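> For reference, the file my_file11.cif (mmCIF, C-alpha atoms, pLDDT in the B column; chains and numbers go by the auth columns) is included below:
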data_coords
#
loop_
_atom_site.group_PDB
_atom_site.id
_atom_site.type_symbol
_atom_site.label_atom_id
_atom_site.label_comp_id
_atom_site.label_asym_id
_atom_site.label_seq_id
_atom_site.Cartn_x
_atom_site.Cartn_y
_atom_site.Cartn_z
_atom_site.B_iso_or_equiv
_atom_site.auth_seq_id
_atom_site.auth_asym_id
ATOM 1 C CA ASP A 1 18.974 -4.717 -0.236 54.00 105 A
ATOM 2 C CA THR A 2 17.295 -5.482 3.060 75.00 106 A
ATOM 3 C CA GLY A 3 13.954 -3.939 2.183 90.00 107 A
ATOM 4 C CA VAL A 4 11.957 -1.357 4.095 94.00 108 A
ATOM 5 C CA SER A 5 11.980 -1.870 7.857 94.00 109 A
ATOM 6 C CA GLN A 6 9.712 -0.428 10.511 96.00 110 A
ATOM 7 C CA ASP A 7 9.964 -0.285 14.272 97.00 111 A
ATOM 8 C CA PRO A 8 8.170 -1.214 16.423 97.00 112 A
ATOM 9 C CA ARG A 9 6.010 -3.839 14.775 95.00 113 A
ATOM 10 C CA HIS A 10 3.341 -3.512 17.441 96.00 114 A
ATOM 11 C CA LYS A 11 2.457 -0.744 19.887 97.00 115 A
ATOM 12 C CA ILE A 12 -0.231 -0.658 22.543 98.00 116 A
ATOM 13 C CA THR A 13 -0.803 2.657 24.260 98.00 117 A
ATOM 14 C CA LYS A 14 -3.363 4.425 26.362 97.00 118 A
ATOM 15 C CA ARG A 15 -5.485 7.228 25.026 97.00 119 A
ATOM 16 C CA GLY A 16 -3.760 10.566 25.404 97.00 120 A
ATOM 17 C CA GLN A 17 -0.214 9.219 25.216 98.00 121 A
ATOM 18 C CA ASN A 18 2.262 10.116 22.490 98.00 122 A
ATOM 19 C CA VAL A 19 3.774 7.476 20.221 98.00 123 A
ATOM 20 C CA THR A 20 6.586 7.548 17.668 98.00 124 A
ATOM 21 C CA PHE A 21 7.240 5.110 14.848 98.00 125 A
ATOM 22 C CA ARG A 22 10.390 4.727 12.775 98.00 126 A
ATOM 23 C CA CYS A 23 10.850 3.739 9.148 98.00 127 A
ATOM 24 C CA ASP A 24 14.113 2.836 7.430 97.00 128 A
ATOM 25 C CA PRO A 25 13.699 2.856 3.635 96.00 129 A
ATOM 26 C CA ILE A 26 15.674 0.923 1.054 94.00 130 A
ATOM 27 C CA SER A 27 19.061 2.614 1.169 91.00 131 A
ATOM 28 C CA GLU A 28 19.204 4.231 -2.273 87.00 132 A
ATOM 29 C CA HIS A 29 15.558 5.318 -2.308 91.00 133 A
ATOM 30 C CA ASN A 30 15.008 9.066 -2.061 90.00 134 A
ATOM 31 C CA ARG A 31 11.213 9.023 -1.750 92.00 135 A
ATOM 32 C CA LEU A 32 9.465 7.904 1.424 94.00 136 A
ATOM 33 C CA TYR A 33 5.749 7.590 2.097 94.00 137 A
ATOM 34 C CA TRP A 34 3.516 6.972 5.089 96.00 138 A
ATOM 35 C CA TYR A 35 0.134 5.268 4.775 96.00 139 A
ATOM 36 C CA ARG A 36 -2.516 4.200 7.253 96.00 140 A
ATOM 37 C CA GLN A 37 -4.531 1.006 6.909 94.00 141 A
ATOM 38 C CA THR A 38 -7.601 0.281 8.985 93.00 142 A
ATOM 39 C CA LEU A 39 -9.197 -3.139 9.271 87.00 143 A
ATOM 40 C CA GLY A 40 -10.830 -4.281 6.060 85.00 144 A
ATOM 41 C CA GLN A 41 -9.623 -1.313 4.039 89.00 145 A
ATOM 42 C CA GLY A 42 -6.786 -0.553 1.688 92.00 146 A
ATOM 43 C CA PRO A 43 -3.932 1.731 2.724 94.00 147 A
ATOM 44 C CA GLU A 44 -4.621 5.486 2.663 94.00 148 A
ATOM 45 C CA PHE A 45 -1.911 8.001 1.857 93.00 149 A
ATOM 46 C CA LEU A 46 -0.778 10.228 4.737 95.00 150 A
ATOM 47 C CA THR A 47 2.386 12.020 3.662 94.00 151 A
ATOM 48 C CA TYR A 48 5.406 11.923 1.377 91.00 152 A
ATOM 49 C CA PHE A 49 9.052 12.996 1.462 93.00 153 A
ATOM 50 C CA GLN A 50 11.448 13.679 -1.347 91.00 154 A
ATOM 51 C CA ASN A 51 14.812 13.405 0.391 91.00 155 A
ATOM 52 C CA GLU A 52 14.343 15.450 3.592 92.00 156 A
ATOM 53 C CA ALA A 53 11.552 17.680 2.235 91.00 157 A
ATOM 54 C CA GLN A 54 7.960 16.876 3.140 91.00 158 A
ATOM 55 C CA LEU A 55 6.142 17.683 -0.088 89.00 159 A
ATOM 56 C CA GLU A 56 2.594 16.523 0.487 86.00 160 A
ATOM 57 C CA LYS A 57 0.290 15.906 3.434 88.00 161 A
ATOM 58 C CA SER A 58 -3.129 14.343 3.292 89.00 162 A
ATOM 59 C CA ARG A 59 -6.106 15.915 5.009 86.00 163 A
ATOM 60 C CA LEU A 60 -6.142 12.699 7.044 83.00 164 A
ATOM 61 C CA LEU A 61 -3.037 13.979 8.806 85.00 165 A
ATOM 62 C CA SER A 62 -4.419 16.069 11.639 88.00 166 A
ATOM 63 C CA ASP A 63 -2.270 18.495 13.608 92.00 167 A
ATOM 64 C CA ARG A 64 -1.656 15.746 16.172 95.00 168 A
ATOM 65 C CA PHE A 65 0.434 13.939 13.552 96.00 169 A
ATOM 66 C CA SER A 66 3.936 14.994 12.559 95.00 170 A
ATOM 67 C CA ALA A 67 6.456 13.307 10.337 96.00 171 A
ATOM 68 C CA GLU A 68 10.116 14.037 9.816 95.00 172 A
ATOM 69 C CA ARG A 69 12.962 12.807 7.677 96.00 173 A
ATOM 70 C CA PRO A 70 15.834 14.907 8.988 90.00 174 A
ATOM 71 C CA LYS A 71 18.726 13.569 6.928 87.00 175 A
ATOM 72 C CA GLY A 72 16.836 12.192 3.994 85.00 176 A
ATOM 73 C CA SER A 73 17.257 8.636 5.237 91.00 177 A
ATOM 74 C CA PHE A 74 15.046 7.231 8.010 96.00 178 A
ATOM 75 C CA SER A 75 11.746 8.836 8.930 97.00 179 A
ATOM 76 C CA THR A 76 9.676 9.130 12.093 97.00 180 A
ATOM 77 C CA LEU A 77 5.932 9.508 12.466 97.00 181 A
ATOM 78 C CA GLU A 78 4.709 10.882 15.786 97.00 182 A
ATOM 79 C CA ILE A 79 1.149 10.906 17.019 97.00 183 A
ATOM 80 C CA GLN A 80 0.433 13.183 19.967 97.00 184 A
ATOM 81 C CA ARG A 81 -2.486 12.751 22.366 97.00 185 A
ATOM 82 C CA THR A 82 -3.530 9.481 20.764 97.00 186 A
ATOM 83 C CA GLU A 83 -7.210 8.706 20.309 96.00 187 A
ATOM 84 C CA GLN A 84 -8.935 5.346 19.882 96.00 188 A
ATOM 85 C CA GLY A 85 -9.616 6.254 16.256 95.00 189 A
ATOM 86 C CA ASP A 86 -5.866 6.285 15.632 96.00 190 A
ATOM 87 C CA SER A 87 -5.780 2.497 16.027 97.00 191 A
ATOM 88 C CA ALA A 88 -4.586 1.179 12.675 96.00 192 A
ATOM 89 C CA MET A 89 -1.638 -0.270 10.804 95.00 193 A
ATOM 90 C CA TYR A 90 0.869 2.419 9.823 97.00 194 A
ATOM 91 C CA LEU A 91 2.775 1.524 6.676 96.00 195 A
ATOM 92 C CA CYS A 92 5.925 3.038 5.290 96.00 196 A
ATOM 93 C CA ALA A 93 7.032 2.727 1.673 94.00 197 A
ATOM 94 C CA SER A 94 9.972 3.941 -0.345 92.00 198 A
ATOM 95 C CA SER A 95 10.812 4.407 -3.997 89.00 199 A
ATOM 96 C CA LEU A 96 13.465 5.777 -6.295 86.00 200 A
ATOM 97 C CA ASP A 97 12.272 8.685 -8.394 77.00 201 A
ATOM 98 C CA GLY A 98 13.182 9.204 -11.989 67.00 202 A
ATOM 99 C CA GLN A 99 12.334 5.676 -12.956 63.00 203 A
ATOM 100 C CA VAL A 100 9.884 5.213 -15.804 56.00 204 A
ATOM 101 C CA GLN A 101 8.163 2.501 -13.828 60.00 205 A
ATOM 102 C CA GLU A 102 8.510 3.877 -10.333 71.00 206 A
ATOM 103 C CA THR A 103 7.281 1.374 -7.769 80.00 207 A
ATOM 104 C CA GLN A 104 6.757 1.793 -4.057 87.00 208 A
ATOM 105 C CA TYR A 105 8.078 -0.942 -1.786 89.00 209 A
ATOM 106 C CA PHE A 106 6.327 -1.383 1.527 91.00 210 A
ATOM 107 C CA GLY A 107 7.572 -2.238 4.984 93.00 211 A
ATOM 108 C CA PRO A 108 5.818 -4.719 7.314 91.00 212 A
ATOM 109 C CA GLY A 109 3.968 -1.945 9.151 94.00 213 A
ATOM 110 C CA THR A 110 3.496 -0.872 12.754 96.00 214 A
ATOM 111 C CA ARG A 111 0.212 -1.964 14.273 95.00 215 A
ATOM 112 C CA LEU A 112 -1.063 0.591 16.794 97.00 216 A
ATOM 113 C CA LEU A 113 -3.760 -0.147 19.349 97.00 217 A
ATOM 114 C CA VAL A 114 -5.010 2.746 21.459 97.00 218 A
ATOM 115 C CA LEU A 115 -6.897 1.652 24.577 96.00 219 A
ATOM 116 C CA GLY B 1 -10.599 12.344 -8.369 81.00 221 B
ATOM 117 C CA ASN B 2 -8.658 9.143 -8.776 87.00 222 B
ATOM 118 C CA SER B 3 -10.153 5.978 -7.296 92.00 223 B
ATOM 119 C CA VAL B 4 -10.040 2.192 -7.454 95.00 224 B
ATOM 120 C CA THR B 5 -12.992 -0.173 -7.074 95.00 225 B
ATOM 121 C CA GLN B 6 -12.503 -3.900 -6.667 95.00 226 B
ATOM 122 C CA MET B 7 -14.873 -6.761 -6.103 88.00 227 B
ATOM 123 C CA GLU B 8 -15.896 -7.448 -2.565 87.00 228 B
ATOM 124 C CA GLY B 9 -14.776 -10.595 -0.876 86.00 229 B
ATOM 125 C CA PRO B 10 -14.272 -12.956 0.516 95.00 230 B
ATOM 126 C CA VAL B 11 -13.746 -15.166 -2.491 96.00 231 B
ATOM 127 C CA THR B 12 -13.602 -18.863 -1.659 97.00 232 B
ATOM 128 C CA LEU B 13 -12.250 -21.324 -4.212 97.00 233 B
ATOM 129 C CA SER B 14 -11.108 -24.915 -4.294 97.00 234 B
ATOM 130 C CA GLU B 15 -7.509 -25.672 -5.167 97.00 235 B
ATOM 131 C CA GLU B 16 -6.826 -25.630 -8.919 96.00 236 B
ATOM 132 C CA ALA B 17 -9.872 -23.453 -9.649 97.00 237 B
ATOM 133 C CA PHE B 18 -9.690 -20.410 -11.932 97.00 238 B
ATOM 134 C CA LEU B 19 -9.458 -17.040 -10.213 97.00 239 B
ATOM 135 C CA THR B 20 -10.696 -13.650 -11.346 97.00 240 B
ATOM 136 C CA ILE B 21 -10.725 -10.587 -9.123 97.00 241 B
ATOM 137 C CA ASN B 22 -12.274 -7.590 -10.824 97.00 242 B
ATOM 138 C CA CYS B 23 -10.771 -4.121 -10.571 97.00 243 B
ATOM 139 C CA THR B 24 -11.867 -0.888 -12.243 97.00 244 B
ATOM 140 C CA TYR B 25 -10.375 2.543 -11.845 96.00 245 B
ATOM 141 C CA THR B 26 -11.097 6.216 -12.346 94.00 246 B
ATOM 142 C CA ALA B 27 -8.144 8.427 -13.126 90.00 247 B
ATOM 143 C CA THR B 28 -7.053 11.435 -15.106 83.00 248 B
ATOM 144 C CA GLY B 29 -4.263 10.898 -17.549 81.00 249 B
ATOM 145 C CA TYR B 30 -2.471 7.587 -17.823 83.00 250 B
ATOM 146 C CA PRO B 31 -1.851 6.013 -14.436 90.00 251 B
ATOM 147 C CA SER B 32 0.282 3.004 -13.651 90.00 252 B
ATOM 148 C CA LEU B 33 -1.700 0.063 -12.285 93.00 253 B
ATOM 149 C CA PHE B 34 -0.656 -2.450 -9.652 94.00 254 B
ATOM 150 C CA TRP B 35 -1.750 -5.529 -7.804 97.00 255 B
ATOM 151 C CA TYR B 36 -0.372 -5.939 -4.290 95.00 256 B
ATOM 152 C CA VAL B 37 -0.798 -9.015 -2.091 96.00 257 B
ATOM 153 C CA GLN B 38 -0.863 -9.176 1.697 93.00 258 B
ATOM 154 C CA TYR B 39 -0.348 -12.602 3.236 91.00 259 B
ATOM 155 C CA PRO B 40 -1.541 -13.201 6.801 84.00 260 B
ATOM 156 C CA GLY B 41 0.685 -11.387 9.268 78.00 261 B
ATOM 157 C CA GLU B 42 2.873 -9.866 6.567 82.00 262 B
ATOM 158 C CA GLY B 43 3.266 -6.532 4.787 83.00 263 B
ATOM 159 C CA LEU B 44 2.184 -5.551 1.303 90.00 264 B
ATOM 160 C CA GLN B 45 4.111 -7.128 -1.534 90.00 265 B
ATOM 161 C CA LEU B 46 4.012 -5.985 -5.130 92.00 266 B
ATOM 162 C CA LEU B 47 2.547 -8.818 -7.199 96.00 267 B
ATOM 163 C CA LEU B 48 2.536 -7.281 -10.674 96.00 268 B
ATOM 164 C CA LYS B 49 2.217 -3.979 -12.472 93.00 269 B
ATOM 165 C CA ALA B 50 1.466 -2.392 -15.856 93.00 270 B
ATOM 166 C CA THR B 51 2.336 1.123 -16.897 89.00 271 B
ATOM 167 C CA LYS B 52 0.474 1.677 -20.182 90.00 272 B
ATOM 168 C CA ALA B 53 -2.595 0.553 -22.076 92.00 273 B
ATOM 169 C CA ASP B 54 -2.604 -3.071 -23.256 95.00 274 B
ATOM 170 C CA ASP B 55 0.411 -3.945 -21.117 95.00 275 B
ATOM 171 C CA LYS B 56 0.102 -7.283 -19.349 97.00 276 B
ATOM 172 C CA GLY B 57 1.684 -7.693 -15.932 96.00 277 B
ATOM 173 C CA SER B 58 2.459 -11.209 -14.771 97.00 278 B
ATOM 174 C CA ASN B 59 4.105 -12.933 -11.825 96.00 279 B
ATOM 175 C CA LYS B 60 3.786 -16.297 -10.045 95.00 280 B
ATOM 176 C CA GLY B 61 1.084 -17.430 -12.479 97.00 281 B
ATOM 177 C CA PHE B 62 -1.017 -14.298 -11.933 98.00 282 B
ATOM 178 C CA GLU B 63 -1.812 -11.976 -14.839 98.00 283 B
ATOM 179 C CA ALA B 64 -3.584 -8.673 -15.349 98.00 284 B
ATOM 180 C CA THR B 65 -4.029 -6.603 -18.518 98.00 285 B
ATOM 181 C CA TYR B 66 -4.299 -2.788 -18.516 96.00 286 B
ATOM 182 C CA ARG B 67 -7.548 -2.081 -20.407 96.00 287 B
ATOM 183 C CA LYS B 68 -7.962 1.641 -20.998 93.00 288 B
ATOM 184 C CA GLU B 69 -11.212 1.311 -22.935 94.00 289 B
ATOM 185 C CA THR B 70 -12.934 -0.392 -19.989 95.00 290 B
ATOM 186 C CA THR B 71 -10.734 1.231 -17.288 95.00 291 B
ATOM 187 C CA SER B 72 -10.091 -2.207 -15.848 97.00 292 B
ATOM 188 C CA PHE B 73 -7.176 -4.254 -14.527 98.00 293 B
ATOM 189 C CA HIS B 74 -8.666 -7.624 -13.571 98.00 294 B
ATOM 190 C CA LEU B 75 -6.433 -10.160 -11.812 98.00 295 B
ATOM 191 C CA GLU B 76 -6.495 -13.756 -13.074 98.00 296 B
ATOM 192 C CA LYS B 77 -4.825 -17.051 -12.282 98.00 297 B
ATOM 193 C CA GLY B 78 -5.524 -20.305 -14.047 97.00 298 B
ATOM 194 C CA SER B 79 -5.055 -22.663 -11.093 96.00 299 B
ATOM 195 C CA VAL B 80 -4.962 -21.377 -7.527 97.00 300 B
ATOM 196 C CA GLN B 81 -3.150 -23.034 -4.646 97.00 301 B
ATOM 197 C CA VAL B 82 -3.819 -23.009 -0.923 96.00 302 B
ATOM 198 C CA SER B 83 -0.725 -20.821 -0.560 96.00 303 B
ATOM 199 C CA ASP B 84 -2.442 -18.084 -2.623 97.00 304 B
ATOM 200 C CA SER B 85 -4.820 -17.397 0.258 97.00 305 B
ATOM 201 C CA ALA B 86 -4.287 -13.716 1.028 96.00 306 B
ATOM 202 C CA VAL B 87 -5.770 -10.254 0.573 96.00 307 B
ATOM 203 C CA TYR B 88 -5.277 -8.748 -2.880 97.00 308 B
ATOM 204 C CA PHE B 89 -5.242 -4.984 -3.450 97.00 309 B
ATOM 205 C CA CYS B 90 -5.637 -3.231 -6.778 97.00 310 B
ATOM 206 C CA ALA B 91 -3.934 0.157 -6.904 95.00 311 B
ATOM 207 C CA LEU B 92 -2.981 3.014 -9.178 92.00 312 B
ATOM 208 C CA SER B 93 -0.525 5.856 -9.230 88.00 313 B
ATOM 209 C CA ARG B 94 -0.279 8.762 -11.616 79.00 314 B
ATOM 210 C CA ALA B 95 2.622 8.728 -14.010 65.00 315 B
ATOM 211 C CA GLY B 96 5.441 10.423 -12.134 61.00 316 B
ATOM 212 C CA GLY B 97 3.097 10.739 -9.180 63.00 317 B
ATOM 213 C CA PHE B 98 3.927 10.392 -5.550 73.00 318 B
ATOM 214 C CA LYS B 99 1.118 8.443 -3.957 82.00 319 B
ATOM 215 C CA THR B 100 -0.596 5.149 -4.592 88.00 320 B
ATOM 216 C CA ILE B 101 -4.364 4.870 -4.335 91.00 321 B
ATOM 217 C CA PHE B 102 -5.639 1.492 -3.217 94.00 322 B
ATOM 218 C CA GLY B 103 -8.871 -0.388 -3.501 95.00 323 B
ATOM 219 C CA ALA B 104 -10.437 -1.863 -0.377 94.00 324 B
ATOM 220 C CA GLY B 105 -8.905 -5.293 -0.962 96.00 325 B
ATOM 221 C CA THR B 106 -10.356 -8.709 -1.770 96.00 326 B
ATOM 222 C CA ARG B 107 -9.729 -11.609 0.573 96.00 327 B
ATOM 223 C CA LEU B 108 -9.149 -14.944 -1.132 97.00 328 B
ATOM 224 C CA PHE B 109 -9.533 -18.292 0.620 97.00 329 B
ATOM 225 C CA VAL B 110 -8.358 -21.408 -1.226 97.00 330 B
ATOM 226 C CA LYS B 111 -9.522 -24.765 0.148 96.00 331 B
ATOM 227 C CA ALA B 112 -7.531 -27.972 -0.291 94.00 332 B
#
Translate this file's structure into structure tokens.


Amino acid sequence: DTGVSQDPRHKITKRGQNVTFRCDPISEHNRLYWYRQTLGQGPEFLTYFQNEAQLEKSRLLSDRFSAERPKGSFSTLEIQRTEQGDSAMYLCASSLDGQVQETQYFGPGTRLLVL
Amino acid sequence: GNSVTQMEGPVTLSEEAFLTINCTYTATGYPSLFWYVQYPGEGLQLLLKATKADDKGSNKGFEATYRKETTSFHLEKGSVQVSDSAVYFCALSRAGGFKTIFGAGTRLFVKA
């Protein structure tokens, strides 16, 4: 078990550019989540996958954001036409459903800075 | 809706002092409750959890008891160390639910 990994760990981009982040969950986990964390705040839920199906999207996820999990394993989060307000830490988590005490395990995050 | 409120920081303590970080929640049904810790430069780590009323979660000397009557899940440690300096997040998720709702976090500084 190598834990949840995310790539890249840091990304600096200019306003208007597109960025894509990758998340690799714990291998046997079928649920995958994306959260956003801004400075001084707790993580906020963005979206959730059960296997390859995206089952829930937060209102925080504008139409510039898209997430995929094509084979039910890794996931990508793309932000188009980035804005300065998109600067944040993007966290990925995974879990195994069906457990009585289901727990989400978090990756180290991708820190995005939009200039 | 569901929400978590935790005490504002920063909290500054001397080594070996007693720690309490207050957390209260609002939720329908019977959520699971969690404390996560975020050390400088690192990701969120699960510290402890409790899934039903009166359960006590514990790990690394930290404890928290699920109190349904007061809707609270306060974090305690009898003797803090410098290495406990971090940001602590209280969180909840609905039973069988798919997302975790976090408090704003409480930063703890422990002085030698």

> Excluding B:Val231 and any residue of its chain fewer than 3 positions from it, enumerate the residues within 12 Å of it, using all atoms listed in the file, and give them as a short mmCIF file (atom, residue, chain, number, x, y, z; two decimals) with C-alpha atoms, in the coordinates of the input.


data_model
loop_
_atom_site.label_atom_id
_atom_site.label_comp_id
_atom_site.auth_asym_id
_atom_site.auth_seq_id
_atom_site.Cartn_x
_atom_site.Cartn_y
_atom_site.Cartn_z
CA MET B 227 -14.87 -6.76 -6.10
CA GLU B 228 -15.90 -7.45 -2.56
CA SER B 234 -11.11 -24.92 -4.29
CA ALA B 237 -9.87 -23.45 -9.65
CA PHE B 238 -9.69 -20.41 -11.93
CA LEU B 239 -9.46 -17.04 -10.21
CA THR B 240 -10.70 -13.65 -11.35
CA ILE B 241 -10.72 -10.59 -9.12
CA ASN B 242 -12.27 -7.59 -10.82
CA VAL B 300 -4.96 -21.38 -7.53
CA ASP B 304 -2.44 -18.08 -2.62
CA SER B 305 -4.82 -17.40 0.26
CA ALA B 306 -4.29 -13.72 1.03
CA VAL B 307 -5.77 -10.25 0.57
CA TYR B 308 -5.28 -8.75 -2.88
CA GLY B 325 -8.90 -5.29 -0.96
CA THR B 326 -10.36 -8.71 -1.77
CA ARG B 327 -9.73 -11.61 0.57
CA LEU B 328 -9.15 -14.94 -1.13
CA PHE B 329 -9.53 -18.29 0.62
CA VAL B 330 -8.36 -21.41 -1.23
CA LYS B 331 -9.52 -24.76 0.15
#

> Name the residues that the PyMOL selection byres ((chain A) within 9 of (chain B)) pulls out of this structure, and write them as a VMD selection string.

chain A and resid 135 137 144 to 149 151 to 152 160 195 201 to 213

> Taking every listed atom of stretch 168-172 of chain A and adding 4 Å to each side, what centre and edge lengths in Å (one decimal) does the axis-aligned box have, as JSON?


{"center_x": 4.2, "center_y": 14.5, "center_z": 13.0, "size_x": 19.8, "size_y": 10.4, "size_z": 14.4}

> Report as a PyMOL selection string the full result of the PyMOL selection byres ((chain A and resi 105-114) around 8) when it is applied to this structure.

chain A and resi 115-116+125-131+196-198+209-216

> When you look at A:Arg168 with a cut-off of 7 Å (counting all atoms listed in the file), what residues show up, excluding the ones that are within fewer than 6 positions of it in the same chain? I need them as a ChimeraX atom specification.

/A:183-185

> Step by step, work through what the PyMOL selection byres ((chain A and resi 154) around 9) selects in the shown file, and finish by giving those residues as a VMD selection string.

chain A and resid 134 to 136 152 to 153 155 to 159 176 201

> What does the structure give for the distance between atom CA of A:Glu172 and atom CA of A:Trp138, in Å to one decimal?

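These atoms are spaced 10.8 Å apart.
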
> Which residues are close to B:Gly281, i.e. within 9 Å by all atoms listed in the file, leaving aside same-chain residues fewer than 6 positions away? Reply as a list of chain:residue names.

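Selected residues are B:Glu296, B:Lys297, B:Gly298, B:Ser299, B:Val300.
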